[in-house]
Structure formats: structure tokens, C-alpha cells
$ cat my_file_13.txt   # compact mmCIF, C-alpha atoms
# COMPACT_ATOMS: atom_id res chain seq x y z
CA MET B 1 -36.48 95.06 -12.29
CA TYR B 2 -33.47 94.23 -10.13
CA ALA B 3 -34.04 96.74 -7.34
CA ASP B 4 -35.92 99.74 -6.06
CA GLY B 5 -34.04 102.91 -5.25
CA VAL B 6 -30.58 104.20 -6.11
CA LEU B 7 -27.53 102.02 -5.52
CA GLY B 8 -25.57 103.24 -2.50
CA GLU B 9 -28.40 105.33 -1.11
CA GLU B 10 -30.74 104.66 1.79
CA GLY B 11 -33.83 102.80 0.66
CA PHE B 12 -32.07 100.72 -2.00
CA GLN B 13 -33.70 97.30 -1.97
CA VAL B 14 -33.02 94.28 -4.17
CA LYS B 15 -36.25 92.85 -5.56
CA TRP B 16 -34.89 89.60 -7.01
CA SER B 17 -35.52 86.40 -5.07
CA GLU B 18 -32.70 84.29 -3.64
CA LYS B 19 -33.17 81.85 -6.52
CA GLU B 20 -32.86 84.66 -9.07
CA LEU B 21 -29.74 86.01 -7.34
CA GLU B 22 -28.17 82.55 -7.30
CA SER B 23 -28.93 82.16 -11.00
CA ALA B 24 -27.50 85.63 -11.75
CA TYR B 25 -24.32 84.66 -9.90
CA LYS B 26 -23.93 81.42 -11.86
CA VAL B 27 -24.76 82.91 -15.26
CA SER B 28 -22.49 85.92 -14.73
CA ILE B 29 -19.56 83.63 -13.85
CA VAL B 30 -20.04 81.54 -17.00
CA MET B 31 -20.37 84.68 -19.13
CA GLN B 32 -17.23 86.14 -17.52
CA ARG B 33 -15.22 82.99 -18.28
CA LEU B 34 -16.38 82.74 -21.88
CA SER B 35 -15.82 86.45 -22.38
CA TYR B 36 -12.32 86.16 -20.99
CA MET B 37 -11.54 83.46 -23.57
CA ALA B 38 -12.85 85.68 -26.36
CA MET B 39 -11.14 88.87 -25.15
CA ALA B 40 -7.83 86.98 -24.68
CA GLU B 41 -8.30 85.56 -28.20
CA LEU B 42 -8.18 81.99 -26.93
CA ILE B 43 -11.17 81.60 -29.22
CA SER B 44 -11.96 83.68 -32.29
CA ILE B 45 -13.60 86.83 -30.95
CA GLU B 46 -15.23 87.60 -34.30
CA HIS B 47 -16.56 84.09 -34.89
CA PHE B 48 -17.74 83.78 -31.29
CA SER B 49 -19.53 87.14 -31.47
CA LYS B 50 -21.35 86.12 -34.64
CA MET B 51 -22.58 82.95 -32.95
CA TRP B 52 -23.21 84.19 -29.39
CA GLY B 53 -23.05 87.99 -29.48
CA PRO B 54 -26.79 88.63 -29.14
CA ALA B 55 -27.02 86.27 -26.16
CA PHE B 56 -24.14 88.07 -24.41
CA VAL B 57 -25.71 91.47 -25.05
CA LYS B 58 -29.08 90.32 -23.73
CA ALA B 59 -27.45 88.74 -20.67
CA TRP B 60 -25.41 91.88 -19.95
CA VAL B 61 -28.46 94.12 -20.19
CA ALA B 62 -30.32 91.87 -17.75
CA LEU B 63 -27.39 91.39 -15.35
CA GLU B 64 -25.78 94.85 -15.41
CA PRO B 65 -27.64 96.07 -12.28
CA TYR B 66 -26.64 92.86 -10.46
CA VAL B 67 -22.98 93.27 -11.49
CA HIS B 68 -22.95 96.95 -10.44
CA HIS B 69 -24.43 96.00 -7.06
CA LYS B 70 -21.79 93.28 -6.67
CA ARG B 71 -19.06 95.81 -7.48
CA HIS B 72 -20.51 98.31 -5.01
CA THR B 73 -20.70 95.65 -2.28
CA ASN B 74 -17.05 94.70 -2.95
CA GLY B 75 -15.94 98.33 -2.72
CA GLU B 76 -15.04 98.51 -6.41
CA PRO B 77 -15.77 101.33 -8.82
CA LEU B 78 -18.95 100.68 -10.81
CA LYS B 79 -17.49 101.50 -14.23
CA LEU B 80 -14.66 99.92 -16.22
CA ALA B 81 -13.13 103.34 -16.89
CA GLU B 82 -12.85 103.84 -13.13
CA GLY B 83 -11.14 100.49 -12.54
CA ALA B 84 -14.04 98.08 -12.00
CA TYR B 85 -12.84 94.49 -11.92
CA SER B 86 -15.71 92.09 -11.20
CA ARG B 87 -17.12 90.61 -14.42
CA ASN B 88 -15.04 93.09 -16.43
CA ASP B 89 -14.52 90.78 -19.42
CA PHE B 90 -18.26 90.06 -19.54
CA GLU B 91 -18.95 93.79 -19.76
CA LYS B 92 -16.18 94.43 -22.31
CA TYR B 93 -17.31 91.58 -24.51
CA ALA B 94 -20.97 92.58 -24.35
CA TYR B 95 -20.03 96.09 -25.51
CA TYR B 96 -17.82 94.60 -28.24
CA CYS B 97 -20.84 92.62 -29.44
CA MET B 98 -23.05 95.74 -29.36
CA ALA B 99 -20.74 97.59 -31.75
$ encode --input "my_file_13.txt" --output "C-alpha cells"
Amino acid sequence: MYADGVLGEEGFQVKWSEKELESAYKVSIVMQRLSYMAMAELISIEHFSKMWGPAFVKAWVALEPYVHHKRHTNGEPLKLAEGAYSRNDFEKYAYYCMA
């Protein structure tokens, strides 16, 4: 579990260690970059999803609370539909792979 409490409310507390947060940062950047290449069709989105789709879905499920917290901290909306920007290709690609 990433945190206790509700994001943006008093009492919200991240439970991950500094090492886990550093790893989440690094993994989410790599996933964002690879997702960008797929979403921009610099690589075959279909072929890439067949090879790596489950890994992206699993990573998104694990890192979604971290990404939402990052967005909140940066003053961004939490959801893509509301204009969220941080790790947006990672989220889009993960949902593409879920379909």
C-alpha cells in the first residue's frame, strides 16, 4: 500500500520507503518514455503491447497512487480527462493494454 489516508486531506501519509520512492520515480520515467514511443507510433503499438502490455498494466496498477500523488504535489489535475500531464503516456498506454 502506497499511503494511508486520502490524498489531499489531513492525515495523508506515504508509507513507501525512500528507496521504494526512488525506484518508483525511475521506473515511472522509463515507462513514460517507452509509452510515449508507442503512443506516438515510433514503435508498433500493437506489437509492443503484445510483448510488454501485461508488464505495463501491472506497473501502472502498482504506480498509479504514486503518480497521482506526484500530480497532486505538482498542482496538476489527477485525471487525464481533467488535463493531467505527468506520466500521461504511461497511463494512456496502460489503459490501451488493458482493453
$ closest_residue --input "my_file_13.txt" --among "B:Tyr2, B:Ser44, B:Phe56, B:Glu91" --to "Glu18 of chain B" --atoms "all atoms listed in the file"
B:Tyr2
$ atom_distance --input "my_file_13.txt" --atom1 "atom CA of Arg33 of chain B" --atom2 "atom CA of Glu82 of chain B"
21.6 Å
$ residues_around --input "my_file_13.txt" --residues "segment 3-9 of chain B" --least-positions-apart "2" --cutoff "12 Å" --atoms "only C-alpha atoms" --output "PyMOL selection string"
chain B and resi 1+11-17+21+63-73+75+77-78
$ atom_distance --input "my_file_13.txt" --atom1 "atom CA of Ser86 of chain B" --atom2 "atom CA of Pro54 of chain B"
21.4 Å
$ atom_distance --input "my_file_13.txt" --atom1 "atom CA of Ala94 of chain B" --atom2 "atom CA of Glu76 of chain B"
19.8 Å
$ closest_residue --input "my_file_13.txt" --among "B:Lys19, B:Lys79, B:Asn74, B:Ala59" --to "Gln32 of chain B" --atoms "all atoms listed in the file"
B:Ala59
$ residues_around --input "my_file_13.txt" --residues "Tyr36 of chain B" --least-positions-apart "2" --cutoff "10 Å" --atoms "all atoms listed in the file" --output "list in words"
Val30, Met31, Gln32, Arg33, Leu34, Ala38, Met39, Ala40, Glu41, Leu42, Ile43, Arg87, Asn88, Asp89, Phe90, Lys92 and Tyr93 of chain B
$ closest_residue --input "my_file_13.txt" --among "B:Met98, B:Ala24, B:Ile45, B:Leu80" --to "Ala62 of chain B" --atoms "all atoms listed in the file"
B:Ala24
$ build_atoms --input "my_file_13.txt" --residues "segment 42-60 of chain B" --atoms "N, CA, C and O atoms" --output "compact mmCIF listing (two decimals), in the coordinates of the input"
# COMPACT_ATOMS: atom_id res chain seq x y z
N LEU B 42 -8.36 83.44 -27.04
CA LEU B 42 -8.18 81.99 -26.93
C LEU B 42 -9.16 81.28 -27.86
O LEU B 42 -8.96 80.12 -28.21
N ILE B 43 -10.22 82.01 -28.19
CA ILE B 43 -11.17 81.60 -29.22
C ILE B 43 -11.35 82.81 -30.14
O ILE B 43 -11.07 83.93 -29.73
N SER B 44 -11.78 82.58 -31.34
CA SER B 44 -11.96 83.68 -32.29
C SER B 44 -13.05 84.63 -31.80
O SER B 44 -14.22 84.26 -31.73
N ILE B 45 -12.64 85.85 -31.47
CA ILE B 45 -13.60 86.83 -30.95
C ILE B 45 -14.67 87.15 -31.99
O ILE B 45 -15.85 87.26 -31.65
N GLU B 46 -14.27 87.27 -33.25
CA GLU B 46 -15.23 87.60 -34.30
C GLU B 46 -16.21 86.45 -34.53
O GLU B 46 -17.42 86.66 -34.59
N HIS B 47 -15.71 85.25 -34.66
CA HIS B 47 -16.56 84.09 -34.89
C HIS B 47 -17.50 83.88 -33.70
O HIS B 47 -18.70 83.65 -33.87
N PHE B 48 -16.95 83.98 -32.49
CA PHE B 48 -17.74 83.78 -31.29
C PHE B 48 -18.84 84.84 -31.18
O PHE B 48 -19.97 84.54 -30.79
N SER B 49 -18.52 86.08 -31.56
CA SER B 49 -19.53 87.14 -31.47
C SER B 49 -20.65 86.94 -32.49
O SER B 49 -21.80 87.27 -32.21
N LYS B 50 -20.31 86.39 -33.64
CA LYS B 50 -21.35 86.12 -34.64
C LYS B 50 -22.30 85.03 -34.15
O LYS B 50 -23.50 85.07 -34.42
N MET B 51 -21.75 84.06 -33.44
CA MET B 51 -22.58 82.95 -32.95
C MET B 51 -23.34 83.31 -31.67
O MET B 51 -24.50 82.96 -31.51
N TRP B 52 -22.66 83.99 -30.74
CA TRP B 52 -23.21 84.19 -29.39
C TRP B 52 -23.37 85.64 -28.98
O TRP B 52 -23.85 85.92 -27.88
N GLY B 53 -22.99 86.58 -29.84
CA GLY B 53 -23.05 87.99 -29.48
C GLY B 53 -24.39 88.46 -28.95
O GLY B 53 -24.45 89.06 -27.87
N PRO B 54 -25.50 88.17 -29.65
CA PRO B 54 -26.79 88.63 -29.14
C PRO B 54 -27.14 88.09 -27.75
O PRO B 54 -27.72 88.80 -26.93
N ALA B 55 -26.75 86.85 -27.48
CA ALA B 55 -27.02 86.27 -26.16
C ALA B 55 -26.21 86.98 -25.08
O ALA B 55 -26.72 87.22 -23.97
N PHE B 56 -24.96 87.35 -25.38
CA PHE B 56 -24.14 88.07 -24.41
C PHE B 56 -24.69 89.47 -24.16
O PHE B 56 -24.71 89.94 -23.02
N VAL B 57 -25.14 90.14 -25.21
CA VAL B 57 -25.71 91.47 -25.05
C VAL B 57 -26.97 91.40 -24.19
O VAL B 57 -27.13 92.18 -23.25
N LYS B 58 -27.83 90.47 -24.50
CA LYS B 58 -29.08 90.32 -23.73
C LYS B 58 -28.78 89.99 -22.27
O LYS B 58 -29.40 90.55 -21.36
N ALA B 59 -27.81 89.10 -22.04
CA ALA B 59 -27.45 88.74 -20.67
C ALA B 59 -26.86 89.94 -19.93
O ALA B 59 -27.18 90.16 -18.76
N TRP B 60 -26.00 90.72 -20.61
CA TRP B 60 -25.41 91.88 -19.95
C TRP B 60 -26.49 92.90 -19.57
O TRP B 60 -26.48 93.42 -18.46
